[in-house]
file model_0.txt (compact mmCIF, C-alpha atoms)
# COMPACT_ATOMS: atom_id res chain seq x y z
CA MET Z 18 40.67 205.77 45.84
CA LYS Z 19 39.51 202.17 45.83
CA PRO Z 20 38.18 201.20 42.37
CA ALA Z 21 34.57 200.12 42.09
CA ALA Z 22 34.09 196.37 42.21
CA THR Z 23 32.74 194.61 39.16
CA LEU Z 24 29.48 192.67 39.32
CA ALA Z 25 31.31 189.37 38.92
CA ALA Z 26 33.65 190.16 41.82
CA LEU Z 27 30.76 191.29 44.02
CA VAL Z 28 28.79 188.11 43.34
CA GLU Z 29 31.83 185.95 44.06
CA ARG Z 30 32.57 187.73 47.36
CA PHE Z 31 28.90 187.66 48.28
CA PHE Z 32 28.85 183.87 48.10
CA THR Z 33 32.31 183.04 49.41
CA GLN Z 34 32.82 185.72 52.06
CA ARG Z 35 29.36 186.88 53.08
CA LEU Z 36 27.21 183.74 52.87
CA MET Z 37 29.77 180.98 53.46
CA GLY Z 38 32.40 182.74 55.56
CA GLN Z 39 30.48 185.24 57.70
CA ARG Z 40 26.91 184.00 57.88
CA GLN Z 41 27.65 180.28 57.42
CA VAL Z 42 24.29 179.66 55.79
CA SER Z 43 22.99 176.16 55.19
CA PRO Z 44 23.68 174.27 51.94
CA HIS Z 45 19.97 174.61 51.10
CA THR Z 46 20.21 178.41 51.28
CA LEU Z 47 23.35 178.41 49.17
CA ARG Z 48 21.70 176.34 46.48
CA SER Z 49 18.62 178.54 46.51
CA TYR Z 50 20.67 181.74 46.13
CA ARG Z 51 22.83 180.09 43.48
CA ASP Z 52 19.76 179.15 41.44
CA THR Z 53 18.40 182.69 41.79
CA PHE Z 54 21.54 184.27 40.35
CA ARG Z 55 21.82 181.63 37.66
CA LEU Z 56 18.33 182.57 36.46
CA LEU Z 57 18.95 186.30 36.89
CA LEU Z 58 22.21 186.32 34.95
CA ARG Z 59 20.70 184.22 32.19
CA PHE Z 60 17.76 186.63 31.95
CA ALA Z 61 20.09 189.66 31.91
CA HIS Z 62 22.15 188.05 29.15
CA GLN Z 63 19.06 187.55 26.99
CA ARG Z 64 17.68 191.03 27.67
CA LEU Z 65 20.89 193.11 27.52
CA LYS Z 66 22.84 190.94 25.08
CA LYS Z 67 25.78 190.88 27.48
CA PRO Z 68 27.48 187.77 28.87
CA PRO Z 69 27.58 187.58 32.68
CA SER Z 70 31.31 188.37 32.73
CA HIS Z 71 30.64 191.74 31.04
CA LEU Z 72 27.71 192.82 33.20
CA ALA Z 73 28.21 195.80 35.50
CA LEU Z 74 26.40 196.62 38.72
CA GLU Z 75 24.58 199.52 37.06
CA ASP Z 76 23.05 197.05 34.60
CA MET Z 77 21.16 195.46 37.48
CA ASP Z 78 18.68 198.26 37.97
CA GLU Z 79 15.13 198.20 39.30
CA PRO Z 80 13.41 197.83 35.87
CA LEU Z 81 15.55 194.78 35.06
CA ILE Z 82 14.81 193.14 38.41
CA ALA Z 83 11.09 193.85 38.01
CA ALA Z 84 11.13 192.34 34.52
CA PHE Z 85 12.97 189.30 35.84
CA LEU Z 86 10.37 188.73 38.56
CA GLU Z 87 7.57 189.09 36.04
CA ASP Z 88 9.31 186.61 33.75
CA LEU Z 89 9.42 184.11 36.59
CA GLU Z 90 5.66 184.30 36.96
CA GLN Z 91 4.69 184.53 33.31
CA ARG Z 92 7.14 182.26 31.49
CA ARG Z 93 8.33 179.90 34.23
CA ARG Z 94 4.92 179.78 35.97
CA ASN Z 95 6.40 180.40 39.41
CA GLY Z 96 3.99 181.19 42.21
CA ALA Z 97 4.15 184.18 44.53
CA ARG Z 98 6.09 182.21 47.15
CA SER Z 99 8.87 181.29 44.70
CA ARG Z 100 8.93 184.83 43.33
CA ASN Z 101 9.37 186.26 46.82
CA LEU Z 102 12.12 183.73 47.54
CA ARG Z 103 14.07 184.95 44.50
CA LEU Z 104 13.50 188.56 45.52
CA THR Z 105 14.82 187.80 49.01
CA ALA Z 106 18.09 186.49 47.56
CA ILE Z 107 18.42 189.57 45.34
CA ARG Z 108 17.78 191.92 48.26
CA CYS Z 109 20.36 190.13 50.37
CA PHE Z 110 22.95 190.62 47.64
CA PHE Z 111 22.20 194.32 47.16
CA ARG Z 112 22.32 194.99 50.89
CA TYR Z 113 25.82 193.58 50.75
CA ALA Z 114 26.65 195.57 47.61
CA ALA Z 115 25.52 198.82 49.25
CA TYR Z 116 28.54 198.67 51.56
CA GLU Z 117 30.96 197.42 48.93
CA ASP Z 118 30.03 199.98 46.25
CA PRO Z 119 28.17 202.97 47.80
CA THR Z 120 28.38 204.93 44.52
CA HIS Z 121 25.24 203.05 43.43
CA ALA Z 122 23.34 203.73 46.66
CA ALA Z 123 20.30 205.28 44.96
CA GLN Z 124 19.98 202.39 42.50
CA ILE Z 125 20.33 199.86 45.31
CA GLN Z 126 17.78 201.68 47.45
CA ARG Z 127 15.16 201.40 44.71
CA ILE Z 128 15.76 197.65 44.44
CA LEU Z 129 15.58 197.15 48.20
CA ALA Z 130 12.26 199.02 48.22
CA MET Z 131 10.65 196.53 45.83
CA PRO Z 132 7.81 194.82 47.74
CA GLY Z 133 7.14 191.15 47.91
CA LYS Z 134 3.96 189.79 46.39
CA ARG Z 135 1.03 189.00 48.64
CA TYR Z 136 -0.42 185.50 48.63
CA VAL Z 137 -2.80 183.38 50.66
CA ARG Z 138 -0.86 181.40 53.25
CA ARG Z 139 -1.97 177.79 53.29
CA LEU Z 140 -2.73 176.38 56.72
CA VAL Z 141 -0.31 173.59 57.64
CA THR Z 142 -2.29 170.85 59.32
CA PHE Z 143 -0.91 168.21 61.67
CA LEU Z 144 -1.52 164.51 62.12
CA THR Z 145 -4.30 163.43 64.46
CA HIS Z 146 -3.70 160.91 67.24
CA GLN Z 147 -5.48 158.21 65.21
CA GLU Z 148 -3.28 158.96 62.18
CA ILE Z 149 -0.17 158.82 64.37
CA GLU Z 150 -1.19 155.42 65.76
CA ALA Z 151 -1.88 154.09 62.25
CA LEU Z 152 1.45 155.42 60.96
CA LEU Z 153 3.43 153.79 63.77
CA ALA Z 154 1.56 150.51 63.35
CA ALA Z 155 2.34 150.27 59.63
CA PRO Z 156 5.97 148.99 59.76
CA ASP Z 157 6.52 145.27 60.26
CA LEU Z 158 8.39 144.93 63.55
CA GLY Z 159 9.37 141.39 62.65
CA THR Z 160 11.95 142.68 60.17
CA TRP Z 161 15.03 144.85 60.57
CA GLY Z 162 13.70 147.36 58.07
CA GLY Z 163 10.38 147.61 59.88
CA ARG Z 164 12.04 148.28 63.23
CA ARG Z 165 14.20 150.93 61.58
CA ASP Z 166 11.21 152.56 59.91
CA ARG Z 167 9.19 152.67 63.10
CA ALA Z 168 12.11 154.05 65.11
CA TRP Z 169 12.64 156.81 62.55
CA LEU Z 170 8.94 157.67 62.45
CA LEU Z 171 8.68 157.68 66.24
CA VAL Z 172 11.58 160.11 66.64
CA ALA Z 173 10.13 162.36 63.93
CA LEU Z 174 6.74 162.42 65.64
CA GLN Z 175 8.19 162.85 69.11
CA THR Z 176 10.51 165.71 68.25
CA GLY Z 177 8.96 167.46 65.24
CA LEU Z 178 12.35 167.63 63.50
CA ARG Z 179 12.55 168.59 59.85
CA VAL Z 180 13.36 165.88 57.35
CA SER Z 181 16.72 167.50 56.59
CA GLU Z 182 17.50 167.55 60.34
CA MET Z 183 16.51 163.90 60.75
CA THR Z 184 18.75 162.75 57.91
CA THR Z 185 21.82 164.43 59.44
CA LEU Z 186 21.41 162.94 62.94
CA GLU Z 187 24.03 160.50 64.18
CA ARG Z 188 24.04 158.01 67.02
CA GLN Z 189 25.93 160.32 69.37
CA ASP Z 190 23.20 162.96 68.94
CA VAL Z 191 20.74 160.73 70.84
CA SER Z 192 20.90 160.59 74.64
CA LEU Z 193 18.88 157.86 76.41
CA ASP Z 194 19.92 158.64 79.97
CA THR Z 195 17.88 160.70 82.43
CA GLY Z 196 16.31 163.50 80.44
CA ALA Z 197 16.44 161.59 77.14
CA HIS Z 198 16.75 163.97 74.23
CA VAL Z 199 18.02 164.53 70.70
CA HIS Z 200 20.65 167.17 69.96
CA CYS Z 201 20.29 168.73 66.54
CA ILE Z 202 21.96 171.38 64.40
CA GLY Z 203 19.11 173.03 62.52
CA LYS Z 204 18.80 175.68 59.84
CA GLU Z 205 21.27 178.57 59.94
CA CYS Z 206 23.46 176.51 62.34
CA HIS Z 207 21.00 176.83 65.24
CA ALA Z 208 21.65 174.16 67.86
CA TYR Z 209 18.87 172.87 70.10
CA CYS Z 210 17.83 169.82 72.11
CA THR Z 211 14.40 168.17 71.92
CA SER Z 212 13.33 165.81 74.69
CA PHE Z 213 11.43 162.54 74.34
CA ARG Z 214 8.01 162.64 75.99
CA ARG Z 215 7.42 158.90 76.20
CA ARG Z 216 10.79 157.77 77.44
CA GLY Z 217 10.05 154.08 78.04
CA GLU Z 218 8.91 153.26 74.52
CA THR Z 219 11.47 155.49 72.87
CA THR Z 220 14.31 153.95 74.88
CA GLY Z 221 13.20 150.46 73.96
CA THR Z 222 13.11 151.40 70.31
CA HIS Z 223 16.62 152.83 70.41
CA ALA Z 224 17.83 149.66 72.12
CA GLY Z 225 16.44 147.79 69.13
CA TRP Z 226 18.47 149.99 66.82
CA GLN Z 227 21.66 149.24 68.69
CA ALA Z 228 20.95 145.52 68.51
CA CYS Z 229 20.63 145.88 64.74
CA ASP Z 230 23.76 148.05 64.60
CA LEU Z 231 21.65 150.92 63.23
CA ALA Z 232 22.93 154.49 63.19
CA PHE Z 233 21.11 157.61 62.02
CA SER Z 234 22.29 158.37 58.50
CA ALA Z 235 20.93 159.38 55.13
CA ALA Z 236 21.54 155.84 53.84
CA ASP Z 237 19.23 154.38 56.51
CA VAL Z 238 16.57 157.07 56.20
CA LEU Z 239 16.20 157.47 52.43
CA PRO Z 240 14.28 154.19 51.97
CA VAL Z 241 11.69 155.58 54.39
CA VAL Z 242 11.45 158.88 52.54
CA ARG Z 243 11.16 157.21 49.13
CA ARG Z 244 8.31 155.03 50.36
CA GLY Z 245 5.98 158.05 50.32
CA ILE Z 246 4.77 158.14 53.91
CA GLY Z 247 3.86 161.82 53.81
CA VAL Z 248 7.26 163.49 54.01
CA GLY Z 249 9.93 164.23 51.45
CA PRO Z 250 13.53 165.48 51.32
CA CYS Z 251 12.44 168.98 50.22
CA THR Z 252 9.40 169.52 52.44
CA ASP Z 253 11.39 171.40 55.06
CA ALA Z 254 11.94 174.33 52.67
CA HIS Z 255 8.70 175.99 53.76
CA GLY Z 256 8.20 174.27 57.11
CA ALA Z 257 5.79 171.69 55.68
CA GLY Z 258 8.05 168.86 56.77
CA ARG Z 259 7.22 169.39 60.42
CA VAL Z 260 4.60 167.44 62.32
CA ALA Z 261 3.08 168.38 65.64
CA PRO Z 262 5.02 166.95 68.60
CA MET Z 263 3.01 164.38 70.55
CA SER Z 264 0.80 166.03 73.14
CA GLU Z 265 0.78 165.07 76.81
CA PRO Z 266 -2.57 163.19 76.75
CA TRP Z 267 -1.38 160.87 73.98
CA ALA Z 268 2.10 160.42 75.43
CA ALA Z 269 0.91 159.70 78.95
call {"tool": "encode", "arguments": {"input": "model_0.txt", "output": "structure tokens"}}
result
Amino acid sequence: MKPAATLAALVERFFTQRLMGQRQVSPHTLRSYRDTFRLLLRFAHQRLKKPPSHLALEDMDEPLIAAFLEDLEQRRRNGARSRNLRLTAIRCFFRYAAYEDPTHAAQIQRILAMPGKRYVRRLVTFLTHQEIEALLAAPDLGTWGGRRDRAWLLVALQTGLRVSEMTTLERQDVSLDTGAHVHCIGKECHAYCTSFRRRGETTGTHAGWQACDLAFSAADVLPVVRRGIGVGPCTDAHGAGRVAPMSEPWAA
């Protein structure tokens, strides 16, 4: 009979085999899950007086998980959204553990049945046409940096890409031929193409990049992000980094 896996072995296989090997999750998801288990193991160590290497799967029961979630809200002042994010990572692990160690099926079922916390979803608003015009008019086109900034802003507004997706684009991802578009690898390795609506202006802008020997890269984009123009490197975590693609009346 196959011996039951230890908690440490399950956690290691969950990250290396399940998340990285099978599901190929994004680095952002890996870091989020890593932080969840770092906090959970630290909390279990303080509560049970056991180091992480000595913890067993049966130690991670429903009362401990509930106390951990409450600690996040009370001591760390996490909101309902962050609490639910931690719970999602824990559920994902225990769904994996249910197949690896079915002897704890009842314990795992109780953890999977733990509900997320309700919260008021904030409405994500988009830029108006006047705000878009003002944003694009802000960079100084007489300088290399201004042309770069405007090109980056224009592609972001045209395509609605996340900040993390914009910073990973490369020159070969942009096609300026008939049916001009941007090819992007998004979250969870989803690939998609987004077309440019106003091809003439966009093409001219990209020609300016090539004249300045500009390629899409984090090094070129970070100065724009740091300038505080309404987006940030972490805003894509909850979809807030998106802006509405330009509508047909404006792009005509």
call {"tool": "atom_distance", "arguments": {"input": "model_0.txt", "atom1": "CA of Ser212 (chain Z)", "atom2": "CA of Arg139 (chain Z)"}}
result
28.9 Å
call {"tool": "closest_residue", "arguments": {"input": "model_0.txt", "among": "Z:Lys134, Z:Arg167, Z:Val180, Z:Gln124", "to": "Glu150 (chain Z)", "atoms": "all atoms listed in the file"}}
result
Z:Arg167
call {"tool": "closest_atom_pairs", "arguments": {"input": "model_0.txt", "of": "region 112-177 of chain Z", "to": "region 62-85 of chain Z", "cutoff": "10 Å", "atoms": "all atoms listed in the file", "output": "JSON lines"}}
result
{"residue": "Z:Ala114", "atom": "CA", "partner": "Z:Leu74", "partner_atom": "CA", "distance": 9.0}
{"residue": "Z:Asp118", "atom": "CA", "partner": "Z:Leu74", "partner_atom": "CA", "distance": 9.0}
{"residue": "Z:Thr120", "atom": "CA", "partner": "Z:Glu75", "partner_atom": "CA", "distance": 10.0}
{"residue": "Z:His121", "atom": "CA", "partner": "Z:Glu75", "partner_atom": "CA", "distance": 7.3}
{"residue": "Z:Gln124", "atom": "CA", "partner": "Z:Asp78", "partner_atom": "CA", "distance": 6.3}
{"residue": "Z:Ile125", "atom": "CA", "partner": "Z:Asp78", "partner_atom": "CA", "distance": 7.7}
{"residue": "Z:Gln126", "atom": "CA", "partner": "Z:Glu79", "partner_atom": "CA", "distance": 9.2}
{"residue": "Z:Arg127", "atom": "CA", "partner": "Z:Glu79", "partner_atom": "CA", "distance": 6.3}
{"residue": "Z:Ile128", "atom": "CA", "partner": "Z:Glu79", "partner_atom": "CA", "distance": 5.2}
{"residue": "Z:Leu129", "atom": "CA", "partner": "Z:Glu79", "partner_atom": "CA", "distance": 9.0}
{"residue": "Z:Ala130", "atom": "CA", "partner": "Z:Glu79", "partner_atom": "CA", "distance": 9.4}
{"residue": "Z:Met131", "atom": "CA", "partner": "Z:Glu79", "partner_atom": "CA", "distance": 8.1}
call {"tool": "residues_near_point", "arguments": {"input": "model_0.txt", "point": "(28.5, 178.9, 60.7)", "cutoff": "12 Å", "atoms": "only C-alpha atoms", "output": "ChimeraX atom specification"}}
result
/Z:34-44,202-208
call {"tool": "atom_distance", "arguments": {"input": "model_0.txt", "atom1": "CA of Thr105 (chain Z)", "atom2": "CA of Leu86 (chain Z)"}}
result
11.4 Å
call {"tool": "closest_residue", "arguments": {"input": "model_0.txt", "among": "Z:Arg112, Z:Arg30, Z:Arg103, Z:His198", "to": "Glu90 (chain Z)", "atoms": "only C-alpha atoms"}}
result
Z:Arg103
call {"tool": "atom_distance", "arguments": {"input": "model_0.txt", "atom1": "CA of Phe54 (chain Z)", "atom2": "CA of Ile107 (chain Z)"}}
result
7.9 Å
call {"tool": "closest_residue", "arguments": {"input": "model_0.txt", "among": "Z:Gly163, Z:Ala154, Z:Cys210, Z:Asp190", "to": "Thr176 (chain Z)", "atoms": "all atoms listed in the file"}}
result
Z:Cys210
